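Have a look at the structure below, then the notes.
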Amino acid sequence: MKTMATLETTPAVADPMLPQPHVVQRVDKETPDTFSLTVDPQDGVDDVAFRPGQFSMLWVFGVGELPISISGDPTQRGRLVYTVRSVGKATNALVSRKVGDGIGVRGPFGVGWPLEVARGRDVIVVAGGIGLAPLRPIIYEVLQNREQYGRLVLLYGTRSPRDVLYRKELAVWARQPETQVLTSVDYGGLSWHGHVGVVTTLFKYARLHPSRSVAMICGPEIMMRFVTRELEMQGLKREDIYVSMERNMKCGVGLCGHCQYGPYFICKDGPVFPYERIRTLLDKYEL
Amino acid sequence: METLERIIADHPFFAGLESYYTGLLTGCASNVRFNAGAYLFKEGEPANNFYLIRSGKVALEILPPHNRPINVETLTEGEILGWSWLLPPYIWSFHAHALQDTRAIALDGKCLRTKCEQNHDLGYEVLKRFGQIMARRLQATRIQLLDMYAQK
């Protein structure tokens, strides 16, 4: 049986401000604008464990540094995978790395998904767009430690068929026991024979047991607001819902204040929060 | 064999409806079947029916000018298709395209409108149920309009 390193706190990072040199091992094109980079520590650099839901600061030398969620398998110690959507200069530079190129990695940082809370219960994962990336490690965790969890229900919504991430894995996950995978796109073409509609419309097909479930959500904030409402309508308690937030993280350790969110720093107190803790902040557009 | 009345009475859309009313509805109902690729109806055609989908999958499509159809919603087993029969001018606003072989109960809109006019209690029960579906789909459409996964 594979197990992951379960850590209650952020793994100790020797010097959290010092990027550690890593080498790109693979670049996988997931969609026309989204790529997964697999990196290993350069010889002589210590590898680190991470918890599902944590993020790293990735440094492209001469361009800049970006906060990117870790989207790989937590059991593969040392090997880190990042799924990056190319939306600007720094992300463009990152996805343009070739095998053998170097990048700097700081972290992992932040609070991850609540594994201890989820053990023994059904896990409902709701992902929107590239929000599936920070949730993939929890899916690996559940599927590799099947006896420790109840059913896994993944509801994944994205923009169009060409934006569907991890297509092959979605098909593999859907065949696993005690697992339901539902995918939807907001707009479909003639060749798409899957579901069309916003991610909340998938709930009518989901086989949920709200009283024994914990839900984990990641996607655009507006999507998470509608999904949390839907989960409550389905009968989930607020305290059983967790969301992953995103802001402009810089230092990664709660010093610089760039990612302040009300009384919290997303990089240190999050990015995963109990929904109940930040519920009133989600409706404040000025935050 | 399941009777039409039993199927209608057991459908979640009509849950809680008195048997007298399901009897009235059954008088307007028929079994229909569409092969994959067939159109249940097309935009601009008279809207004379609505459908309780029993199996299969149907896409609601919009045909933008000079472009391919866009699938804006899919409906499957247990769902309701169509409300244009309920409100004037009784014209379909979308294409409904069977993506899979599809079985449904078709309810004759003209027949049902007449019965609802004659029996307003039935009309209210029907309107309440369609109102819920309309509200949920309107909300879903508004979220869809946000295009929330687009690059900002």
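We label chains A, B, ... in the order they appear in the structure tokens, count residues from 1 in each chain, and number ligands from 1 in the order shown.
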
Subject >> Counting only C-alpha atoms, chain A residues within 10 Å of chain B, as a VMD selection string >> reply: chain A and resid 85 to 87 128 to 131 157 to 160 163 184 to 201 204 to 205 219 to 223 226

Range 71-258 of chain A: which residues are strand (DSSP E or B) by DSSP, as a PDB file with C-alpha atoms, in the first residue's frame?
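Result written to selection_2.pdb:
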ATOM      1  CA  LEU A  80       7.190  18.123  -8.341  1.00  0.00           C
ATOM      2  CA  VAL A  81       4.573  18.764 -11.014  1.00  0.00           C
ATOM      3  CA  TYR A  82       3.064  22.141 -11.792  1.00  0.00           C
ATOM      4  CA  THR A  83       0.200  22.790 -14.195  1.00  0.00           C
ATOM      5  CA  VAL A  84       0.525  26.287 -15.575  1.00  0.00           C
ATOM      6  CA  ARG A  85      -1.775  28.273 -17.826  1.00  0.00           C
ATOM      7  CA  GLY A 102      16.552  25.038 -14.798  1.00  0.00           C
ATOM      8  CA  ILE A 103      14.040  26.862 -12.633  1.00  0.00           C
ATOM      9  CA  GLY A 104      14.131  27.962  -9.026  1.00  0.00           C
ATOM     10  CA  VAL A 105      11.649  26.536  -6.533  1.00  0.00           C
ATOM     11  CA  ARG A 106      10.754  27.956  -3.123  1.00  0.00           C
ATOM     12  CA  GLY A 107       8.433  26.132  -0.798  1.00  0.00           C
ATOM     13  CA  PRO A 108       6.176  24.222  -0.552  1.00  0.00           C
ATOM     14  CA  PHE A 109       4.081  26.769   1.281  1.00  0.00           C
ATOM     15  CA  VAL A 111      -2.053  24.954   4.366  1.00  0.00           C
ATOM     16  CA  ASP A 122     -16.843  10.520   1.263  1.00  0.00           C
ATOM     17  CA  VAL A 123     -14.800  13.135  -0.561  1.00  0.00           C
ATOM     18  CA  ILE A 124     -16.561  15.517  -2.932  1.00  0.00           C
ATOM     19  CA  VAL A 125     -14.116  17.365  -5.159  1.00  0.00           C
ATOM     20  CA  VAL A 126     -15.491  20.277  -7.196  1.00  0.00           C
ATOM     21  CA  ALA A 127     -13.092  21.848  -9.668  1.00  0.00           C
ATOM     22  CA  GLY A 128     -13.481  24.711 -12.103  1.00  0.00           C
ATOM     23  CA  LEU A 152     -14.859   9.925  -4.284  1.00  0.00           C
ATOM     24  CA  VAL A 153     -17.081  12.210  -6.345  1.00  0.00           C
ATOM     25  CA  LEU A 154     -15.349  14.580  -8.750  1.00  0.00           C
ATOM     26  CA  LEU A 155     -17.385  17.318 -10.418  1.00  0.00           C
ATOM     27  CA  TYR A 156     -15.288  19.167 -12.959  1.00  0.00           C
ATOM     28  CA  GLY A 157     -16.465  22.106 -15.037  1.00  0.00           C
ATOM     29  CA  THR A 158     -14.481  24.012 -17.594  1.00  0.00           C
ATOM     30  CA  THR A 179     -15.565   6.772  -7.723  1.00  0.00           C
ATOM     31  CA  GLN A 180     -17.843   9.007  -9.760  1.00  0.00           C
ATOM     32  CA  VAL A 181     -16.347  11.469 -12.223  1.00  0.00           C
ATOM     33  CA  LEU A 182     -18.611  14.014 -13.895  1.00  0.00           C
ATOM     34  CA  THR A 183     -17.262  16.516 -16.382  1.00  0.00           C
ATOM     35  CA  SER A 184     -19.056  19.443 -17.926  1.00  0.00           C
ATOM     36  CA  VAL A 185     -18.227  22.264 -20.284  1.00  0.00           C
ATOM     37  CA  GLY A 188     -19.883  22.402 -26.410  1.00  0.00           C
ATOM     38  CA  HIS A 195     -22.463  17.166 -20.500  1.00  0.00           C
ATOM     39  CA  VAL A 196     -22.928  20.857 -21.285  1.00  0.00           C
ATOM     40  CA  SER A 213     -19.046  13.867   3.148  1.00  0.00           C
ATOM     41  CA  VAL A 214     -16.412  16.530   3.070  1.00  0.00           C
ATOM     42  CA  ALA A 215     -16.204  18.835   0.047  1.00  0.00           C
ATOM     43  CA  MET A 216     -13.116  20.480  -1.450  1.00  0.00           C
ATOM     44  CA  ILE A 217     -13.516  23.215  -4.036  1.00  0.00           C
ATOM     45  CA  CYS A 218     -11.089  25.087  -6.251  1.00  0.00           C
ATOM     46  CA  ILE A 241     -16.716  22.531   2.990  1.00  0.00           C
ATOM     47  CA  TYR A 242     -13.166  23.682   2.156  1.00  0.00           C
ATOM     48  CA  VAL A 243     -12.097  26.129  -0.538  1.00  0.00           C
ATOM     49  CA  SER A 244      -8.734  27.018  -2.053  1.00  0.00           C
TER      50      SER A 244
END

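Closest to Leu112 in chain B among B:Leu86, B:Ile80, B:Pro65, B:His11 is B:Leu86, based on only C-alpha atoms.
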
**OP:** Please provide as a ChimeraX atom specification all residues within 12 Å of Lys29 in chain A, with the sequence filter that same-chain residues fewer than 3 positions apart are discarded (counting only C-alpha atoms).
**Re:** /A:26,32-38,82-86,95-96,162-167

Subject >> Test item: residues at most 9 Å from Gly252 in chain A, only C-alpha atoms, excluding those fewer than 6 positions along its chain, as an MDAnalysis selection string >> reply: chainID A and resid 16:17 55:57 67 106:110 259 266:268

Let's have the selection written as a PDB file, in the first residue's frame, with N, CA and C atoms.
ATOM      1  N   PRO A  16      13.280  29.754   3.417  1.00  0.00           N
ATOM      2  CA  PRO A  16      12.109  29.868   2.536  1.00  0.00           C
ATOM      3  C   PRO A  16      12.259  30.947   1.470  1.00  0.00           C
ATOM      4  N   MET A  17      13.228  31.836   1.644  1.00  0.00           N
ATOM      5  CA  MET A  17      13.388  32.901   0.653  1.00  0.00           C
ATOM      6  C   MET A  17      14.410  32.542  -0.431  1.00  0.00           C
ATOM      7  N   PHE A  55       1.419  25.069  -2.366  1.00  0.00           N
ATOM      8  CA  PHE A  55       1.954  25.692  -3.582  1.00  0.00           C
ATOM      9  C   PHE A  55       3.434  25.997  -3.409  1.00  0.00           C
ATOM     10  N   SER A  56       4.087  26.268  -4.538  1.00  0.00           N
ATOM     11  CA  SER A  56       5.494  26.696  -4.530  1.00  0.00           C
ATOM     12  C   SER A  56       5.591  28.059  -5.202  1.00  0.00           C
ATOM     13  N   MET A  57       6.695  28.736  -4.948  1.00  0.00           N
ATOM     14  CA  MET A  57       7.038  29.919  -5.733  1.00  0.00           C
ATOM     15  C   MET A  57       8.052  29.459  -6.779  1.00  0.00           C
ATOM     16  N   PRO A  67       3.532  32.210  -7.937  1.00  0.00           N
ATOM     17  CA  PRO A  67       2.988  31.156  -7.066  1.00  0.00           C
ATOM     18  C   PRO A  67       2.209  30.153  -7.912  1.00  0.00           C
ATOM     19  N   ARG A 106      10.833  27.709  -4.570  1.00  0.00           N
ATOM     20  CA  ARG A 106      10.754  27.956  -3.123  1.00  0.00           C
ATOM     21  C   ARG A 106       9.496  27.278  -2.588  1.00  0.00           C
ATOM     22  N   GLY A 107       9.593  26.769  -1.400  1.00  0.00           N
ATOM     23  CA  GLY A 107       8.433  26.132  -0.798  1.00  0.00           C
ATOM     24  C   GLY A 107       8.656  24.639  -0.636  1.00  0.00           C
ATOM     25  N   PRO A 108       7.596  23.873  -0.429  1.00  0.00           N
ATOM     26  CA  PRO A 108       6.176  24.222  -0.552  1.00  0.00           C
ATOM     27  C   PRO A 108       5.675  25.080   0.611  1.00  0.00           C
ATOM     28  N   PHE A 109       4.632  25.850   0.308  1.00  0.00           N
ATOM     29  CA  PHE A 109       4.081  26.769   1.281  1.00  0.00           C
ATOM     30  C   PHE A 109       2.584  26.509   1.502  1.00  0.00           C
ATOM     31  N   GLY A 110       2.129  26.986   2.629  1.00  0.00           N
ATOM     32  CA  GLY A 110       0.695  27.076   2.884  1.00  0.00           C
ATOM     33  C   GLY A 110       0.060  25.854   3.501  1.00  0.00           C
ATOM     34  N   CYS A 259      -0.664  39.164  -0.268  1.00  0.00           N
ATOM     35  CA  CYS A 259      -1.826  38.278  -0.428  1.00  0.00           C
ATOM     36  C   CYS A 259      -2.786  38.400   0.743  1.00  0.00           C
ATOM     37  N   ILE A 266      -3.159  34.663   2.486  1.00  0.00           N
ATOM     38  CA  ILE A 266      -3.491  33.439   1.730  1.00  0.00           C
ATOM     39  C   ILE A 266      -2.301  32.482   1.742  1.00  0.00           C
ATOM     40  N   CYS A 267      -1.079  33.020   1.653  1.00  0.00           N
ATOM     41  CA  CYS A 267       0.105  32.154   1.512  1.00  0.00           C
ATOM     42  C   CYS A 267       0.374  31.347   2.784  1.00  0.00           C
ATOM     43  N   LYS A 268       0.029  31.907   3.923  1.00  0.00           N
ATOM     44  CA  LYS A 268       0.379  31.283   5.202  1.00  0.00           C
ATOM     45  C   LYS A 268      -0.838  30.626   5.871  1.00  0.00           C
TER      46      LYS A 268
END

Original post:
Got a sec: who's within 12 Å of Pro88 in chain B, counting only C-alpha atoms, leaving out chain neighbours fewer than 3 positions off, as a PyMOL selection string?
Top reply: chain B and resi 46-48+83-85+91-93+109-110+113

Original post:
Nearest to Ile53 in chain B among B:Leu87, B:Ala36, B:Ala98, B:Leu24, with distances taken over only C-alpha atoms: which residue is it?
Top reply: B:Ala98

Subject >> Filtered DSSP result for range 36-264 of chain A, state helix (DSSP H, G or I), as a PyMOL selection string >> reply: chain A and resi 89-95+115-118+129-144+146-148+161-163+167-174+199-205+210-212+221-234+238-240
